[in-house]
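Asks: Okay, here's the structure, questions in a sec.
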Amino acid sequence: NTIVFSSIIITLRFSTAVRLISAFAPSNKLVLSPQESSRKVSFSRRKVSTFSSMSPPSTTTAAVVADDPHLWLEEVLGPAQLEWVTKVNSACISSIGDPTATQTYTRIKSILDSKDKIPHAYRINDKYYYNFWQDEQHVQGIWRKTTLESFKNGSSGTEDTEWTTVLDIDALDPPTTDTAKTWVWHGSILLDEGPTTKKCDRALIKLSPGGSDADICREFCLETETFVDPNGTEQGFAITSPAKTRISYRSRNECLVGTDFHQDGSTLTDSGYPRV
């Protein structure tokens, strides 16, 4: 179920019917009926595309558009645009050489792939410390955890830190979006239910197809170490269409979302990010 505040969408997840819910937009009021409130969760942008209050006025003038000879490159994945990029890249490589064949490239890559990197860790709950790690064996990366005692032993050099893989990005199915073939980790957002709830068992995992600013988001269970099925009984949160999205938990059953709702840029800034 969804409630819209201008360019913000609050998505609710309830396994049973909830009380009547209402939300206020700047110029109108949206009220969800009890029937609507008990439906399955969906992040489908088609469901929110009819809200006129979510479309801010355009800030681009006709004069600016007319004077911009590179405006056609805004469609970054169009066939003509990709052909132009390939042509320009080929010209650059022909002129200055392939950077991947240089000693500098090899040296920097060896540094980035080095296992001697300091594994910065952060605590989730009372027992485990988490870290995202990439090397030559984990090209896309793994999200892993260890205990504080094991982390200290590894830091002091007395023995290797014993890491347990929580999520292996390389093991995921590849993206199906445009030309992207790999995932890039964009971080995790933890469910914080306040000081009265000591245990955090859910997180929102953000992954970018190909490494662009746009990403998808899926809910992850820290106890089972699996993604929460959006079509299952627990109705996990999921945004499957890549966009420059801002999302966070409002509660266990609610998320605040700012994204490209119409998929036409009307709810984004000129830089392509959510307005709110």
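Residues are referred to by chain and number: the chain letter is A, B, ... according to the order shown in the structure tokens, the number counts from 1 in that chain, and ligands are numbered separately from 1 in the order shown.
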List the neighbours of range 148-151 of chain A out to 7 Å using only C-alpha atoms; skip same-chain residues closer than 6 positions along the sequence, and give me the result as number ranges by chain.

Replies: A: 128-129, 161-162

Asks: Name the residues in contact with Arg218 in chain A at a cut-off of 10 Å, using only C-alpha atoms, excluding same-chain residues fewer than 6 positions from it; report them as a ChimeraX atom specification.

Replies: /A:188,203-207,227-230,236-240

Asks: Skip Ile142 in chain A itself and residues of its chain fewer than 6 positions away, then list as a ChimeraX atom specification all residues within 9 Å of it, counting only C-alpha atoms.

Replies: /A:131-134,165-170

Asks: Only N, CA, C and O atoms, please: the residues just picked out, written as a CSV table (one decimal), in the first residue's frame.

Replies:
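Below you can see again_7.csv, which holds the result:
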```csv
chain,number,residue,atom,x,y,z
A,131,ASN,N,31.7,-6.2,7.4
A,131,ASN,CA,32.7,-5.5,6.5
A,131,ASN,C,32.3,-5.9,5.1
A,131,ASN,O,31.9,-7.1,4.8
A,132,PHE,N,32.4,-5.0,4.1
A,132,PHE,CA,32.3,-5.3,2.7
A,132,PHE,C,33.7,-5.4,2.1
A,132,PHE,O,34.5,-4.5,2.3
A,133,TRP,N,34.0,-6.5,1.4
A,133,TRP,CA,35.3,-6.8,0.9
A,133,TRP,C,35.4,-7.1,-0.5
A,133,TRP,O,34.5,-7.9,-1.0
A,134,GLN,N,36.4,-6.6,-1.2
A,134,GLN,CA,36.7,-7.0,-2.6
A,134,GLN,C,38.1,-7.3,-2.8
A,134,GLN,O,39.0,-6.7,-2.2
A,165,THR,N,30.8,-15.3,5.3
A,165,THR,CA,30.2,-14.6,4.2
A,165,THR,C,28.7,-14.5,4.5
A,165,THR,O,28.0,-15.5,4.7
A,166,VAL,N,28.1,-13.3,4.5
A,166,VAL,CA,26.7,-13.1,4.6
A,166,VAL,C,26.0,-13.0,3.3
A,166,VAL,O,24.9,-13.5,3.1
A,167,LEU,N,26.6,-12.2,2.4
A,167,LEU,CA,26.1,-12.1,1.0
A,167,LEU,C,27.2,-12.0,0.0
A,167,LEU,O,28.1,-11.2,0.1
A,168,ASP,N,27.2,-12.9,-1.0
A,168,ASP,CA,28.2,-12.9,-2.0
A,168,ASP,C,27.6,-12.3,-3.3
A,168,ASP,O,26.7,-12.9,-3.9
A,169,ILE,N,28.1,-11.1,-3.6
A,169,ILE,CA,27.5,-10.4,-4.8
A,169,ILE,C,27.8,-11.1,-6.1
A,169,ILE,O,27.0,-11.1,-7.0
A,170,ASP,N,29.0,-11.7,-6.2
A,170,ASP,CA,29.4,-12.5,-7.4
A,170,ASP,C,28.4,-13.7,-7.6
A,170,ASP,O,28.3,-14.1,-8.8
```

Asks: Determine the nearest neighbour of Leu222 in chain A from the options A:His186, A:Cys255, A:Pro175, A:Tyr130, counting only C-alpha atoms.

Replies: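 Closest to Leu222 in chain A, using only C-alpha atoms: A:Tyr130.
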
Asks: Do a neighbour search on range 194-202 of chain A at 8 Å with only C-alpha atoms, toss out local chain neighbours closer than 2 positions, and write the hits as a list in words.

Replies: Ile124, Asn125, Leu190, Leu191, Asp192, Leu204, Glu219, Phe220, Cys221, Leu222 and Glu223 of chain A

Asks: Near Thr245 in chain A, within 8 Å and counting only C-alpha atoms, which residues show up once chain neighbours fewer than 4 positions away are dropped, as a list in words?

Replies: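 My reading of the contact set: Ala214, Asp215, Ile216, Val257, Gly258, Thr259, Asp260, Tyr273 and Pro274 of chain A.
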
Asks: What does the file look like for those residues with N, CA and C atoms, as an mmCIF file, in the first residue's frame?

Replies:
```cif
data_model
loop_
_atom_site.group_PDB
_atom_site.id
_atom_site.type_symbol
_atom_site.label_atom_id
_atom_site.label_comp_id
_atom_site.auth_asym_id
_atom_site.auth_seq_id
_atom_site.Cartn_x
_atom_site.Cartn_y
_atom_site.Cartn_z
ATOM 1 N N ALA A 214 22.339 5.071 -10.418
ATOM 2 C CA ALA A 214 21.052 4.398 -10.236
ATOM 3 C C ALA A 214 21.267 3.026 -9.607
ATOM 4 N N ASP A 215 20.346 2.626 -8.742
ATOM 5 C CA ASP A 215 20.470 1.317 -8.121
ATOM 6 C C ASP A 215 19.102 0.711 -7.853
ATOM 7 N N ILE A 216 19.116 -0.575 -7.510
ATOM 8 C CA ILE A 216 17.923 -1.260 -7.054
ATOM 9 C C ILE A 216 18.038 -1.448 -5.554
ATOM 10 N N VAL A 257 10.448 6.667 0.578
ATOM 11 C CA VAL A 257 11.115 6.520 -0.712
ATOM 12 C C VAL A 257 11.018 7.807 -1.511
ATOM 13 N N GLY A 258 12.130 8.234 -2.060
ATOM 14 C CA GLY A 258 12.165 9.296 -3.058
ATOM 15 C C GLY A 258 12.831 8.744 -4.292
ATOM 16 N N THR A 259 12.175 8.798 -5.455
ATOM 17 C CA THR A 259 12.728 8.173 -6.651
ATOM 18 C C THR A 259 12.101 8.769 -7.908
ATOM 19 N N ASP A 260 12.428 8.204 -9.040
ATOM 20 C CA ASP A 260 11.877 8.646 -10.326
ATOM 21 C C ASP A 260 10.553 7.919 -10.550
ATOM 22 N N TYR A 273 18.439 13.549 -9.249
ATOM 23 C CA TYR A 273 18.205 12.951 -7.937
ATOM 24 C C TYR A 273 16.818 13.329 -7.412
ATOM 25 N N PRO A 274 16.249 12.519 -6.501
ATOM 26 C CA PRO A 274 14.923 12.832 -5.966
ATOM 27 C C PRO A 274 14.881 14.230 -5.353
#
```

Asks: Using only C-alpha atoms, which protein or nucleic acid residues come within 9 Å of Ser114 in chain A? Drop anything in the same chain fewer than 5 positions from it, and give the result as an NGL selection string.

Replies: :A and (109 or 135-136)

Asks: Among range 40-259 of chain A, which ones does DSSP assign to strand (DSSP E) (computed from the backbone)? Answer as an NGL selection string.

Replies: :A and (122-124 or 128-133 or 142-147 or 164-168 or 183-190 or 202-209 or 215-221 or 226-227 or 238-243 or 246-251 or 254-258)

Asks: Take the residues that were just selected and, keeping C-alpha atoms, output them as a PDB file, in the first residue's frame.

Replies:
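Okay, again19.pdb is ready:
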```
ATOM      1  CA  TYR A 122      31.134  -1.864  11.950  1.00  0.00           C
ATOM      2  CA  ARG A 123      28.966  -3.501  14.589  1.00  0.00           C
ATOM      3  CA  ILE A 124      25.442  -4.748  13.977  1.00  0.00           C
ATOM      4  CA  TYR A 128      29.026  -9.416  14.989  1.00  0.00           C
ATOM      5  CA  TYR A 129      31.088  -6.854  13.110  1.00  0.00           C
ATOM      6  CA  TYR A 130      30.402  -6.475   9.388  1.00  0.00           C
ATOM      7  CA  ASN A 131      32.651  -5.541   6.487  1.00  0.00           C
ATOM      8  CA  PHE A 132      32.307  -5.296   2.708  1.00  0.00           C
ATOM      9  CA  TRP A 133      35.338  -6.768   0.948  1.00  0.00           C
ATOM     10  CA  ILE A 142      31.187 -10.020  -0.348  1.00  0.00           C
ATOM     11  CA  TRP A 143      29.396  -8.713   2.719  1.00  0.00           C
ATOM     12  CA  ARG A 144      30.836 -10.622   5.647  1.00  0.00           C
ATOM     13  CA  LYS A 145      30.892 -10.704   9.438  1.00  0.00           C
ATOM     14  CA  THR A 146      33.137 -11.711  12.306  1.00  0.00           C
ATOM     15  CA  THR A 147      33.254 -11.507  16.090  1.00  0.00           C
ATOM     16  CA  THR A 164      31.660 -15.602   7.570  1.00  0.00           C
ATOM     17  CA  THR A 165      30.156 -14.584   4.226  1.00  0.00           C
ATOM     18  CA  VAL A 166      26.705 -13.051   4.645  1.00  0.00           C
ATOM     19  CA  LEU A 167      26.074 -12.062   1.022  1.00  0.00           C
ATOM     20  CA  ASP A 168      28.179 -12.937  -2.031  1.00  0.00           C
ATOM     21  CA  TRP A 183      26.628  -5.411  -9.648  1.00  0.00           C
ATOM     22  CA  VAL A 184      28.277  -2.649  -7.622  1.00  0.00           C
ATOM     23  CA  TRP A 185      27.641  -2.500  -3.874  1.00  0.00           C
ATOM     24  CA  HIS A 186      25.878   0.727  -2.832  1.00  0.00           C
ATOM     25  CA  GLY A 187      25.604  -0.133   0.841  1.00  0.00           C
ATOM     26  CA  SER A 188      23.090  -1.312   3.413  1.00  0.00           C
ATOM     27  CA  ILE A 189      20.419   0.540   5.376  1.00  0.00           C
ATOM     28  CA  LEU A 190      19.620  -1.030   8.729  1.00  0.00           C
ATOM     29  CA  ARG A 202      16.534  -6.468   8.637  1.00  0.00           C
ATOM     30  CA  ALA A 203      18.463  -4.330   6.164  1.00  0.00           C
ATOM     31  CA  LEU A 204      17.853  -2.729   2.787  1.00  0.00           C
ATOM     32  CA  ILE A 205      20.586  -3.721   0.330  1.00  0.00           C
ATOM     33  CA  LYS A 206      21.311  -1.304  -2.527  1.00  0.00           C
ATOM     34  CA  LEU A 207      23.017  -2.610  -5.669  1.00  0.00           C
ATOM     35  CA  SER A 208      23.887  -0.688  -8.805  1.00  0.00           C
ATOM     36  CA  PRO A 209      23.823  -2.398 -12.212  1.00  0.00           C
ATOM     37  CA  ASP A 215      20.470   1.317  -8.121  1.00  0.00           C
ATOM     38  CA  ILE A 216      17.923  -1.260  -7.054  1.00  0.00           C
ATOM     39  CA  CYS A 217      17.005  -2.104  -3.478  1.00  0.00           C
ATOM     40  CA  ARG A 218      16.005  -5.370  -1.819  1.00  0.00           C
ATOM     41  CA  GLU A 219      15.206  -6.203   1.787  1.00  0.00           C
ATOM     42  CA  PHE A 220      17.575  -8.644   3.471  1.00  0.00           C
ATOM     43  CA  CYS A 221      17.105 -10.773   6.591  1.00  0.00           C
ATOM     44  CA  THR A 226      18.705 -14.286   2.568  1.00  0.00           C
ATOM     45  CA  PHE A 227      16.653 -11.742   0.672  1.00  0.00           C
ATOM     46  CA  ALA A 238      11.951  -4.368  -3.238  1.00  0.00           C
ATOM     47  CA  ILE A 239      12.654  -1.707  -5.868  1.00  0.00           C
ATOM     48  CA  THR A 240      13.619  -3.636  -8.982  1.00  0.00           C
ATOM     49  CA  SER A 241      13.843  -0.809 -11.529  1.00  0.00           C
ATOM     50  CA  PRO A 242      17.195   1.038 -11.256  1.00  0.00           C
ATOM     51  CA  ALA A 243      16.851   4.706 -10.315  1.00  0.00           C
ATOM     52  CA  ARG A 246      16.636   7.490  -1.614  1.00  0.00           C
ATOM     53  CA  ILE A 247      15.063   5.005   0.756  1.00  0.00           C
ATOM     54  CA  SER A 248      15.050   4.336   4.483  1.00  0.00           C
ATOM     55  CA  TYR A 249      12.987   2.527   7.059  1.00  0.00           C
ATOM     56  CA  ARG A 250      10.280   4.491   8.838  1.00  0.00           C
ATOM     57  CA  SER A 251       9.278   1.426  10.791  1.00  0.00           C
ATOM     58  CA  GLU A 254       7.075   1.250   6.344  1.00  0.00           C
ATOM     59  CA  CYS A 255       9.702   2.744   4.067  1.00  0.00           C
ATOM     60  CA  LEU A 256      10.199   6.343   2.972  1.00  0.00           C
ATOM     61  CA  VAL A 257      11.115   6.520  -0.712  1.00  0.00           C
ATOM     62  CA  GLY A 258      12.165   9.296  -3.058  1.00  0.00           C
TER      63      GLY A 258
END
```

Asks: Take CA of Asp173 in chain A and CA of Gln137 in chain A and report the distance between them in Å, one decimal.

Replies: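 Straight-line distance from CA of Asp173 in chain A to CA of Gln137 in chain A works out to 17.2 Å.
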
Asks: So how many Å separate CA of Gly154 in chain A and CA of Tyr105 in chain A, to one decimal?

Replies: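 Between these atoms lies a distance of 29.5 Å.
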